[in-house]
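Trainee: Handing you this structure, nothing more for now.
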Amino acid sequence: MNLLSRVAGVALLVAGLIGLALSLAGLFIGVPALTTAEATLQQRVAMVDQALVATASGLEAADASLSGAGTTITNLETTVRQSGRAISDTLPTIDRLGVLVGEDVPRTIRSTQRTLASARETARVADSLLGAISRFGLLGTDTYNPTLPLNEAIQQVSDNLDPLPASLATIRDGLKQTNDNLRRIHHDTTSIATNIARIGGSLNDTRLVITQYEGIVAETRNDLANLRATLPAWFGVARALLALVLVWFGLAQIALFHQGLQLLRGARAARATGAPHTVA
């Protein structure tokens, strides 16, 4: 029984010493380690916050660029649509001009030529009559003998009008080709304006996404700021609890050490008196 008491006493002494050493190590190593961990975590949070600041700046720059691009796209769309509208407004005028050149003017020329033909016959009769009167001396000393009779002059005017319908027909064909080209251009400008508007819509959608990301970044920065503000309190509580637990554990080890000493003393006293030692 004395041997068992001595072994138990030694074991309690060793356990108490080890526990006390661990308690002291925790106080001198664990508590400062928490302080170091707090500083490291604060540093990491600060680095993340700086990264978020850079991200927010990049998002703002991207939003500003997209805003400028959106304005340019809107102005370009307006210009293209106005150009298409101007072309569309020009088409009826070209159609009317083609009708005028291809139909109205040639009709007028033909009507004029018929009128000139009638006038030429009248002038020919008048020339013949004046020539006859002149030959009878009824016009005095002057003889009616014009260099270019009036009917021939009228015929020359009518002959000069002959090439005009063909030239006008060529102009009409050119106007028709121009009209067709302008219609294609109007269709193309309308398609381009639609595509530009679609691009502008995509830019607006992208800006909405950027705005959402900016909100997320701002919320995350607020959370990080709250975390940085509360970290000292949390780590202070953690250090206090750790110190309290280690002190309590150290006191328990002292009590254990004391009990081991009591066992060893009891064993020595029992061996000195020769009586068996009883553990209380």
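FYI, nothing fancy with the structure tokens labels: chains A, B, ... in order, residues from 1 per chain, ligands from 1 as they appear.
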Based on DSSP run over this structure's backbone, return all residues of stretch 131-204 of chain A in alpha helix (DSSP H), as a ChimeraX atom specification.
Mentor: /A:131-135,150-161,163-204
Trainee: For the selection just defined, write its residues with C-alpha atoms to a file, as a PDB file, in the first residue's frame.
Mentor:
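The result, written out as selection39.pdb:
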ATOM      1  CA  GLY A 131     -43.366  87.087-151.061  1.00  0.00           C
ATOM      2  CA  ALA A 132     -46.241  87.408-153.522  1.00  0.00           C
ATOM      3  CA  ILE A 133     -47.139  90.850-152.219  1.00  0.00           C
ATOM      4  CA  SER A 134     -43.508  91.878-152.474  1.00  0.00           C
ATOM      5  CA  ARG A 135     -43.270  90.717-156.040  1.00  0.00           C
ATOM      6  CA  LEU A 150     -39.917  82.116-140.489  1.00  0.00           C
ATOM      7  CA  ASN A 151     -41.236  78.621-141.170  1.00  0.00           C
ATOM      8  CA  GLU A 152     -37.689  77.278-141.436  1.00  0.00           C
ATOM      9  CA  ALA A 153     -36.703  79.020-138.187  1.00  0.00           C
ATOM     10  CA  ILE A 154     -39.680  77.408-136.490  1.00  0.00           C
ATOM     11  CA  GLN A 155     -38.686  74.052-137.986  1.00  0.00           C
ATOM     12  CA  GLN A 156     -35.141  74.481-136.586  1.00  0.00           C
ATOM     13  CA  VAL A 157     -36.578  75.131-133.149  1.00  0.00           C
ATOM     14  CA  SER A 158     -38.690  71.967-133.446  1.00  0.00           C
ATOM     15  CA  ASP A 159     -35.669  69.989-134.683  1.00  0.00           C
ATOM     16  CA  ASN A 160     -33.586  71.247-131.739  1.00  0.00           C
ATOM     17  CA  LEU A 161     -36.247  69.840-129.408  1.00  0.00           C
ATOM     18  CA  PRO A 163     -32.956  65.113-128.844  1.00  0.00           C
ATOM     19  CA  LEU A 164     -34.420  66.317-125.581  1.00  0.00           C
ATOM     20  CA  PRO A 165     -36.796  63.361-124.894  1.00  0.00           C
ATOM     21  CA  ALA A 166     -33.939  60.858-125.250  1.00  0.00           C
ATOM     22  CA  SER A 167     -31.706  62.932-122.961  1.00  0.00           C
ATOM     23  CA  LEU A 168     -34.537  63.279-120.485  1.00  0.00           C
ATOM     24  CA  ALA A 169     -35.119  59.521-120.636  1.00  0.00           C
ATOM     25  CA  THR A 170     -31.448  58.991-119.725  1.00  0.00           C
ATOM     26  CA  ILE A 171     -31.852  61.396-116.815  1.00  0.00           C
ATOM     27  CA  ARG A 172     -35.030  59.570-115.776  1.00  0.00           C
ATOM     28  CA  ASP A 173     -33.184  56.233-115.773  1.00  0.00           C
ATOM     29  CA  GLY A 174     -30.418  57.784-113.683  1.00  0.00           C
ATOM     30  CA  LEU A 175     -32.959  59.162-111.238  1.00  0.00           C
ATOM     31  CA  LYS A 176     -34.604  55.743-111.022  1.00  0.00           C
ATOM     32  CA  GLN A 177     -31.231  54.120-110.303  1.00  0.00           C
ATOM     33  CA  THR A 178     -30.522  56.813-107.720  1.00  0.00           C
ATOM     34  CA  ASN A 179     -33.923  56.207-106.164  1.00  0.00           C
ATOM     35  CA  ASP A 180     -33.255  52.460-105.930  1.00  0.00           C
ATOM     36  CA  ASN A 181     -29.831  53.105-104.397  1.00  0.00           C
ATOM     37  CA  LEU A 182     -31.305  55.520-101.876  1.00  0.00           C
ATOM     38  CA  ARG A 183     -33.957  52.975-100.920  1.00  0.00           C
ATOM     39  CA  ARG A 184     -31.237  50.396-100.261  1.00  0.00           C
ATOM     40  CA  ILE A 185     -29.257  52.969 -98.310  1.00  0.00           C
ATOM     41  CA  HIS A 186     -32.383  53.826 -96.279  1.00  0.00           C
ATOM     42  CA  HIS A 187     -32.926  50.132 -95.525  1.00  0.00           C
ATOM     43  CA  ASP A 188     -29.260  49.715 -94.560  1.00  0.00           C
ATOM     44  CA  THR A 189     -29.268  52.800 -92.355  1.00  0.00           C
ATOM     45  CA  THR A 190     -32.401  51.546 -90.603  1.00  0.00           C
ATOM     46  CA  SER A 191     -30.735  48.181 -89.949  1.00  0.00           C
ATOM     47  CA  ILE A 192     -27.566  49.901 -88.742  1.00  0.00           C
ATOM     48  CA  ALA A 193     -29.577  52.151 -86.417  1.00  0.00           C
ATOM     49  CA  THR A 194     -31.358  49.091 -85.007  1.00  0.00           C
ATOM     50  CA  ASN A 195     -28.046  47.314 -84.402  1.00  0.00           C
ATOM     51  CA  ILE A 196     -26.596  50.439 -82.790  1.00  0.00           C
ATOM     52  CA  ALA A 197     -29.646  50.654 -80.520  1.00  0.00           C
ATOM     53  CA  ARG A 198     -29.125  46.998 -79.565  1.00  0.00           C
ATOM     54  CA  ILE A 199     -25.491  47.767 -78.711  1.00  0.00           C
ATOM     55  CA  GLY A 200     -26.655  50.706 -76.602  1.00  0.00           C
ATOM     56  CA  GLY A 201     -29.050  48.404 -74.769  1.00  0.00           C
ATOM     57  CA  SER A 202     -26.217  45.958 -74.087  1.00  0.00           C
ATOM     58  CA  LEU A 203     -24.118  48.807 -72.705  1.00  0.00           C
ATOM     59  CA  ASN A 204     -26.967  49.821 -70.407  1.00  0.00           C
TER      60      ASN A 204
END
Trainee: Sorted by chain and rising residue number, list the residues of stretch 26-77 of chain A at most 10 Å from stretch 246-265 of chain A (counting only C-alpha atoms), each with its closest atom pair and distance in Å to one decimal, as a Markdown table.
Mentor:
| residue | atom | partner | partner_atom | distance |
| --- | --- | --- | --- | --- |
| A:Gly26 | CA | A:Leu246 | CA | 6.6 |
| A:Leu27 | CA | A:Leu246 | CA | 6.7 |
| A:Gly30 | CA | A:Leu246 | CA | 9.6 |
| A:Val31 | CA | A:Leu246 | CA | 9.9 |
Trainee: What does the structure give for the distance between atom CA of A:Ile29 and atom CA of A:Ala46, in Å to one decimal?
Mentor: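 Distance between the two atoms: 25.4 Å.
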Trainee: Counting only C-alpha atoms, what is within 10 Å of A:Leu59, bar same-chain residues fewer than 2 positions away, as an MDAnalysis selection string?
Mentor: chainID A and resid 53:57 61:65 207 210:211 213:214 217
Trainee: Go ahead and write the residues just picked, N, CA and C atoms, as a CSV table (one decimal), in the first residue's frame.
Mentor:
chain,number,residue,atom,x,y,z
A,53,VAL,N,-11.0,48.4,-52.6
A,53,VAL,CA,-11.0,49.8,-53.0
A,53,VAL,C,-10.5,49.9,-54.5
A,54,ALA,N,-9.5,49.1,-54.8
A,54,ALA,CA,-9.0,49.1,-56.2
A,54,ALA,C,-10.1,48.6,-57.1
A,55,THR,N,-10.8,47.6,-56.7
A,55,THR,CA,-11.9,47.0,-57.5
A,55,THR,C,-13.0,48.1,-57.7
A,56,ALA,N,-13.3,48.8,-56.6
A,56,ALA,CA,-14.3,49.8,-56.7
A,56,ALA,C,-13.9,50.9,-57.7
A,57,SER,N,-12.6,51.3,-57.6
A,57,SER,CA,-12.1,52.3,-58.6
A,57,SER,C,-12.2,51.8,-60.0
A,61,ALA,N,-14.3,53.5,-63.1
A,61,ALA,CA,-13.7,53.8,-64.3
A,61,ALA,C,-14.4,53.1,-65.5
A,62,ALA,N,-14.7,51.8,-65.3
A,62,ALA,CA,-15.5,51.1,-66.3
A,62,ALA,C,-16.9,51.7,-66.6
A,63,ASP,N,-17.5,52.1,-65.5
A,63,ASP,CA,-18.9,52.7,-65.6
A,63,ASP,C,-18.8,54.0,-66.3
A,64,ALA,N,-17.7,54.8,-66.0
A,64,ALA,CA,-17.6,56.1,-66.7
A,64,ALA,C,-17.3,55.9,-68.2
A,65,SER,N,-16.5,54.9,-68.5
A,65,SER,CA,-16.2,54.6,-69.9
A,65,SER,C,-17.4,54.1,-70.6
A,207,ARG,N,-23.9,48.3,-67.6
A,207,ARG,CA,-23.8,49.3,-66.6
A,207,ARG,C,-24.6,48.9,-65.4
A,210,ILE,N,-22.6,46.4,-63.5
A,210,ILE,CA,-21.5,47.1,-62.8
A,210,ILE,C,-22.0,47.8,-61.5
A,211,THR,N,-23.2,48.4,-61.7
A,211,THR,CA,-23.8,49.1,-60.5
A,211,THR,C,-24.1,48.0,-59.4
A,213,TYR,N,-22.4,45.2,-58.9
A,213,TYR,CA,-21.1,44.9,-58.3
A,213,TYR,C,-20.6,46.0,-57.4
A,214,GLU,N,-20.8,47.2,-57.8
A,214,GLU,CA,-20.4,48.3,-56.9
A,214,GLU,C,-21.1,48.3,-55.6
A,217,VAL,N,-19.5,45.5,-53.6
A,217,VAL,CA,-18.2,45.9,-53.1
A,217,VAL,C,-18.4,46.8,-51.9
Trainee: I'd like the neighbourhood of A:Arg221 as a PyMOL selection string, where a residue qualifies if any of its atoms comes within 9 Å (using only C-alpha atoms), though same-chain residues fewer than 6 positions away should be ignored.
Mentor: chain A and resi 48-49+52-53
Trainee: Do you have the atom CA of A:Thr35-atom CA of A:Gly236 distance handy?
Mentor: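 Rounded to one decimal, the two atoms are 8.6 Å apart.
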Trainee: May I ask which of the residues A:Arg85, A:Leu227, A:Ala126, A:Asp162 is the closest one to A:Arg114, counting only C-alpha atoms?
Mentor: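 Going through A:Arg85, A:Leu227, A:Ala126, A:Asp162 one by one, the smallest distance to A:Arg114 is for A:Asp162.
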Trainee: What does the distance between atom CA of A:Met47 and atom CA of A:Arg239 come to in Å, to one decimal place?
Mentor: 24.5 Å
Trainee: Of the residues A:Ser88, A:Val10, A:Glu38, A:Leu17, which is the one nearest to A:Ala238, using only C-alpha atoms?
Mentor: A:Glu38
Trainee: Which is closest to A:Ser128 among A:Ile94, A:Asp89, A:Pro149, A:Arg107, if we use only C-alpha atoms?
Mentor: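 Counting only C-alpha atoms, the residue closest to A:Ser128 is A:Pro149.
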